[in-house]
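Written below as structure tokens is the structure these notes are about.
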Amino acid sequence: MREVSFGQYYPSNSAVHKMDARVKLLLTIAFIVMVFLVKSLYAYIAIGVFILLTTLVSRVPVLKVLKSIKAIIFIVVIMSIINLFANAEGKVLCSWWIFTITDGGIITAVNLALRLIFLVMGTSLLTYTTTPMELTDGMESLMYPLKLIKVPTHDIAIIMSIALRFIPILMEEVDKIMMAQKARGACFDRGGLLQRAKALLPVLIPLFVSAFRRADELALALDARCYNATPNRTKYKKATLAIRDLIATLITGIFIVLVVAINNNFWGLY
Amino acid sequence: MQIKVEGLKYTYSPKTPFEKVALDDISFTINEGDTIGIIGSTGSGKSTLCQHFNALIRISHGKIFVGDMELHSKKLDLGVLRKTVGMLFQYPEYQLFADTVKDDVEFGPLNFGMPKEEVGELAKYALELTGLDFDAVKDKSPFELSGGQKRRAAIAGVIASRPEILVLDEPTAGLDPQGKKEILDLVKKLKESYVKTVIMISHNMDEIAEYCNRVIVLNDSKLIYDTTPRELFSNPEKLKETGLEVPHVVAISSMLKEGGIDLGETPLTKEEFISLLTRRLKCEK
Ligand SMILES: Nc1ncnc2c1ncn2[C@@H]1O[C@H](COP(=O)(O)OP(=O)(O)OP(=O)(O)O)[C@@H](O)[C@H]1O
Ligand SMILES: [Mg+2]
């Protein structure tokens with residue numbers, strides 16, 4: 001259970017890890033927007049090279065980033081198949097009964113698959129290199145304008161960081177409860193879908209009970225320490241922008257310009 | 001049934017930055033009839049070791065034999081093994097889930113494929129053994145019980161399937177002195193009926209001294225002592241190096257020794273201590 005690696009922070013000392021979380025967030029958003037605007041295959045190749053290079057710089061094993069795709073491969077396949085048949089533009093390549101495959105369909109299907117894959121690779125690289133704490137602090141800081149119109153940004157941030165903090169705790173809990181039930185002869189990998197779902201009941205019920213108990217305890221502990229989200233809390237670790245953030249922004253900016261140029265066939269490569 | 005551990009090694013999350021060696025080349029044998037204590041400072045690998053005994057953790061290096069079952073073999077029948085080796089986790093009350101106490105206790109035996117007619121009897125017997133009133137609690141929701149009752153119900157859920165070997169991970173953690181004694185007396189009672197071998201993790205040296213005939217000390221993932229409690233607690237200096245304490249009676253008798261009253265032997269229980277002391281005082285007269 002603890003091996004679930006999708007998006008779990010991967011500690012290292014690389015330049016990408018040390019970057020300011022706000023910059024990383026903004027650059028990731030820019031990256032995603034770009035991925036969804038690009039249409040040419042050559043541009044996708046460029047994006048692939050870029051994300052590979054970033055991964056190498058971050059010293060997160062490439063295999064780990066590729067593994068994060070595994071979690072969504074099912075969705076990617078389904079979406080691609082739907083798009084393959086839904087788009088009937090262009091030359092008909094083959095047709096059978098109500099299904100027709102056109103070259104337009106193939107292009108949209110491939111486009112969509114690549115977009116989803118790059119989306120997940122980009123965001124998982126963000127969560128691999130940024131601790132949940134930095135991430136929520138970064139988000140809170142970026143949400144600053146909302147504060148001016150009385151949105152409780154700090155509350156949102158603290159709720160988010162508590163939720164994130166609870167994920168590993170609950171995973172550990174699932175681990176323990178599963179072990180205890182296995183010791184009593186429970187079996188989680190036998191039988192059909194319905195039987196398997198039913199077998200999870202002895203895990204889910206204690207899990208919910210303990211999640212509520214923990215939530216209660218946490219609320220009491222917060223109250224006991226007079227926690228409240230006063231307007232101007234100071235931070236123990238203040239995030240500051242450094243030269244490396246500037247450099248990373250410049251590199252990403254240049255890269256985006258490059259991809260847009262390739263996408264519009266600026267140099268007449270194809 | 002004998003348990004034999006040979007060259008057991010275990011690493012959590014190998015080949016990642018979270019890599020952690022939890023067991024390093026552990027070998028020992030537990031004989032039928034033993035009540036064996038496993039002690040060691042926190043994080044020394046006790047729980048990891050015990051979770052190997054009923055294949056909750058599959059072996060990555062080394063061998064374990066339980067009777068004629070080979071736990072390192074791929075063809076191992078998990079059902080038979082887990083019925084033979086019962087495992088009680090720390091805070092077992094967190095494993096309760098069913099609508100009624102009776103259903104919860106019957107969960108194990110039913111999973112192990114015991115006949116339906118027998119299971120009711122087994123549940124009743126197990127619940128009464130733990131000191132709960134069967135008719136009073138059987139139709140209650142396990143979540144309505146008090147803390148101590150919950151733990152008893154959970155223990156009943158483990159012992160209902162009649163394990164031959166019982167593994168207990170800190171069974172008395174978080175209980176008051178009275179509750180501790182009741183749980184340990186229950187273990188003793190079980191040992192006199194169908195449980196043949198008891199393996200007990202504990203941080204409480206008094207319990208180890210009083211209830212175990214053998215003790216294994218883990219330190220930093222390695223097995224450093226495999227001996228009897230009397231032998232172990234006779235050398236308190238050696239034990240202190242591993243960050244462990246000695247039982248209270250041992251501590252008191254060594255203080256008496258420093259003050260000039262040498263009891264001669266190392267007492268393990270209160271009764272032994274008192275008889276040694278009275279003998280000594282009578283001699284003096
Ligand atoms: N699921 C896990 N994943 C990674 N590391 C773990 C896991 N479980 C235990 N460990 C680590 O393995 C080591 C041994 O843990 P174990 O639980 O066996 O110790 P223990 O002797 O039972 O300690 P305690 O007395 O606190 O219960 C510890 O350093 C612990 O951090
Ligand atoms: Mg433990």
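Identifiers in the structure tokens: chain A, B, ... in order shown; residue index from 1 per chain; ligand index from 1 in order shown.
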Item to complete: May I have the residues of chain B within 9 Å of chain A, counting only C-alpha atoms, written as a VMD selection string?
Response: chain B and resid 13 17 51 54 to 57 78 to 79 82 to 83 85 to 89 92 94 to 98 107 to 112 157 to 158 161
Discussion item. Could you list the protein, DNA and RNA residues that have any atom within 7 Å of ligand 1, counting only C-alpha atoms and all ligand atoms, and write them as a ChimeraX atom specification?
Written reply: /A:2 /B:12-13,20-22,40-49
For the residues in that selection, give me N, CA and C atoms as a compact mmCIF listing (two decimals), in the first residue's frame.
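Output file result.txt follows:
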```
# COMPACT_ATOMS: atom_id res chain seq x y z
N ARG A 2 1.91 1.22 0.83
CA ARG A 2 2.72 2.42 0.92
C ARG A 2 3.53 2.64 -0.35
N TYR B 12 12.33 -2.50 4.26
CA TYR B 12 11.16 -1.76 3.79
C TYR B 12 11.56 -0.85 2.64
N SER B 13 10.68 -0.72 1.67
CA SER B 13 10.89 0.14 0.48
C SER B 13 12.31 0.05 -0.06
N LYS B 20 14.78 1.06 4.43
CA LYS B 20 15.02 0.89 5.87
C LYS B 20 15.17 -0.59 6.17
N VAL B 21 16.34 -0.97 6.61
CA VAL B 21 16.56 -2.37 6.98
C VAL B 21 15.87 -2.60 8.32
N ALA B 22 14.91 -3.51 8.37
CA ALA B 22 14.17 -3.74 9.61
C ALA B 22 14.61 -5.02 10.30
N GLY B 40 12.96 -5.24 22.84
CA GLY B 40 13.88 -4.40 22.09
C GLY B 40 13.33 -2.99 22.06
N SER B 41 14.22 -2.02 21.87
CA SER B 41 13.75 -0.63 21.91
C SER B 41 12.86 -0.36 20.70
N THR B 42 12.20 0.77 20.70
CA THR B 42 11.24 1.01 19.63
C THR B 42 11.95 1.14 18.28
N GLY B 43 11.37 0.54 17.27
CA GLY B 43 11.97 0.55 15.94
C GLY B 43 13.02 -0.53 15.73
N SER B 44 13.13 -1.47 16.67
CA SER B 44 14.18 -2.49 16.53
C SER B 44 13.75 -3.63 15.61
N GLY B 45 12.49 -3.67 15.20
CA GLY B 45 12.06 -4.68 14.23
C GLY B 45 11.17 -5.78 14.80
N LYS B 46 10.68 -5.61 16.02
CA LYS B 46 9.88 -6.66 16.65
C LYS B 46 8.60 -6.95 15.87
N SER B 47 7.87 -5.90 15.56
CA SER B 47 6.60 -6.12 14.85
C SER B 47 6.85 -6.70 13.47
N THR B 48 7.88 -6.21 12.80
CA THR B 48 8.21 -6.73 11.48
C THR B 48 8.48 -8.22 11.56
N LEU B 49 9.25 -8.63 12.56
CA LEU B 49 9.56 -10.05 12.73
C LEU B 49 8.28 -10.85 12.92
```
Discussion item. Report, in Å to a single decimal, how far apart atom CA of Arg151 of chain B and atom CA of Glu170 of chain B are.
Written reply: 12.4 Å
Worksheet item: segment 154-165 of chain A: which residues within 8 Å, counting only C-alpha atoms, same-chain residues fewer than 4 positions away excluded, as a ChimeraX atom specification?
Response: /A:132-133,136-137,139-140,169,229
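The coordinates place atom CA of Ser202 of chain B at 8.9 Å from atom 1 (Mg, counted along the ligand's line) of ligand 2.
The gap separating atom CA of His248 of chain B from atom CA of Lys181 of chain B is 15.8 Å, in Å to one decimal.
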